[in-house]
Structure formats: C-alpha cells, structure tokens
Amino acid sequence: MSRARHVDVEPLIREMYSKLFALPQEKILAIVYVIATLAIALLDYLWTEDLYVFPRIFVASVFYLALIYLVFHVLSPNPMGFERLLGVADFSLAPYVIIWIFLYPFEKSVYLVYASSSGMLFLLRYIFWGNLFLSQIIAILIGIATSMISSSGDLIIILKRSFLTSLVSTLVMTAFVLFIELIGKRNGVKTFKLGRGFIKTWIFDDTKDLENVLEENSIKKDIKI
C-alpha cells in the first residue's frame with residue numbers, strides 16, 4: 001500500500017523566482033554602464049571635438065549613479081544592493097543611449113540622454129515604491145540635474161531643454177502606467193500594485209503589499225444559517 005508523501009515545494013518556487021528576477025553579474029552590469037557612459041562621451045566629442053567631454057560625462061554618470069543610490073537605497077524603505085542599483089542605472093540609461101545613436105544625425109545635444117531617462121526612472125521607482133507624483137518629481141529632478149552637469153553650454157538653455165525633455169519622457173511613461181492601470185481596473189485588478197507586491201515578496205522578502213492586494217481582491221461572504 002503506497003503512502004502519500006508531502007513535498008514542500010516552497011523552496012523550489014522561491015528558487016525559480018529568484019532566478020526569474022536575477023540580474024547579470026555585477027561586473028557585467030558595471031561594464032554595460034561604462035560602455036553607455038563612453039558612448040555618450042564619444043557622441044558628444046564627435047560634435048564638439050572637446051576632449052573635456054570625457055571627464056565631464058564620466059562625472060555626470062557617477063553623479064547619476066549616486067542619485068540612484070540615494071533614491072533606491074538611502075531613501076528607500078527596502079534598500080537595494082549595489083548590483084540592483086547598477087541594474088536600475090543600466091535599464092534607465094542604456095536604452096536611451098541606443099536610441100540617441102540613431103537620433104544623433106538630427107539631434108546633437110547628447111546631454112539630453114540623461115533627461116530622456118527620466119521616464120524609465122519614473123517607471124522603476126513607481127513599480128517598486130508607488131506614489132505616482134513623487135516618482136515623477138524625483139525622476140525629472142535626476143534627469144535635469146545630470147543633464148546640467150554633463151554639458152558646458154548655456155545653462156539657461158540646458159535647463160529649459162532638460163526640463164522639457166525630462167517632462168515629456170516622464171509624461172509618456174505616466175500615460176503608459178495609467179493605461180495599464182486602466183486595463184487592470186476593468187478586470188478588477190490593481191496591476192502595478194499586484195506586481196509591486198510580487199516583486200517585493202521575492203526580492204526583498206516583504207510580503208505586506210502582496211498580502212494587502214490579495215486581501216482587497218478576495219471575496220468575502222457572510223453565511224447565515
């Protein structure tokens with residue numbers, strides 16, 4: 001007579017999710033960030049022919065990473081490790097560097113790459129911590145501040161263009177967020193809140209948000225006999 005065996009699958013599930021959310025090794029993330037920085041500097045140099053763009057862009061990228069550290073680690077309720085901070089920096093900046101390579105024949109103001117990344121920074125900050133308006137403000141400020149450091153032109157013009165670029169980038173991503181939220185709402189699900197709960201559970205081992213979402217979406221019935 002065979003006996004039923006109880007198998008604890010939770011460790012297996014956690015391992016699968018840890019692999020799902022795993023990032024490349026820290027060295028690879030650092031290399032990607034350095035390559036993105038060099039690409040920005042090279043594009044700027046091709047236009048200005050000023051060798052000082054290399055140290056200036058390097059300082060800007062270090063400053064950019066420092067601001068990400070401030071937002072996602074120091075001021076965060078669930079501080080991220082350095083590897084994940086590099087992942088945020090790469091994911092925010094690298095796609096816009098690639099886009100700017102194709103835009104370069106039409107737009108030579110390479111410092112706007114940092115301003116353009118505000119949209120992605122907003123999205124990541126909102127996914128992890130919520131608070132739409134605060135995430136917008138933080139992302140825009142990071143984009144503007146880094147753009148100002150990375151350029152040596154007229155500060156007023158740089159400020160105006162950086163602000164407009166950061167604002168447009170953030171608003172476009174905000175529209176995307178609201179669209180996804182609307183679709184989820186029609187199906188009775190708070191999309192980003194649910195996703196945030198899963199991410200916090202598996203990355204930070206913080207189950208509070210996930211439990212709240214599941215409780216909100218649970219159906220409670222009173223049974224009278």
# chains A, B, ... in the order shown; residues from 1 in each chain; ligands from 1
>>> select_by_dssp(residues="segment 51-191 of chain A", states="helix (DSSP H, G or I)", output="PyMOL selection string")
chain A and resi 53-74+82-103+112-116+118-129+132-150+155-186+191
>>> closest_atom_pairs(of="segment 84-171 of chain A", to="segment 23-43 of chain A", cutoff="7 Å", atoms="only C-alpha atoms", output="Markdown table")
| residue | atom | partner | partner_atom | distance |
| --- | --- | --- | --- | --- |
| A:Leu86 | CA | A:Leu29 | CA | 6.0 |
| A:Gly87 | CA | A:Leu29 | CA | 6.4 |
| A:Asp90 | CA | A:Tyr33 | CA | 5.7 |
| A:Ala94 | CA | A:Ala36 | CA | 5.8 |
| A:Val97 | CA | A:Ala36 | CA | 6.5 |
| A:Val110 | CA | A:Ile40 | CA | 6.6 |
>>> residues_around(residues="segment 57-73 of chain A", least_positions_apart="6", cutoff="7 Å", atoms="only C-alpha atoms", output="ChimeraX atom specification")
/A:37,41,79-80,85,89,142,146,149-150
>>> residues_around(residues="segment 154-157 of chain A", least_positions_apart="6", cutoff="12 Å", atoms="only C-alpha atoms", output="count of residues only")
9
>>> residues_around(residues="Ser166 of chain A", least_positions_apart="2", cutoff="8 Å", atoms="only C-alpha atoms", output="CSV table (one decimal) with C-alpha atoms, in the first residue's frame")
chain,number,residue,atom,x,y,z
A,115,ALA,CA,17.0,63.9,-19.3
A,116,SER,CA,15.3,61.3,-21.6
A,117,SER,CA,16.0,58.6,-19.0
A,118,SER,CA,13.6,60.3,-16.5
A,119,GLY,CA,10.7,58.3,-18.0
A,139,ALA,CA,12.8,61.2,-12.0
A,140,ILE,CA,12.5,64.7,-13.5
A,143,GLY,CA,17.3,63.9,-15.4
A,144,ILE,CA,17.7,67.7,-15.1
A,162,SER,CA,16.5,69.3,-20.0
A,163,PHE,CA,13.3,70.2,-18.2
A,164,LEU,CA,11.1,69.8,-21.3
A,168,VAL,CA,7.9,64.7,-21.8
A,169,SER,CA,9.7,61.4,-21.1
A,170,THR,CA,8.1,61.1,-17.7
>>> atom_distance(atom1="atom CA of Leu132 of chain A", atom2="atom CA of Pro95 of chain A")
22.4 Å
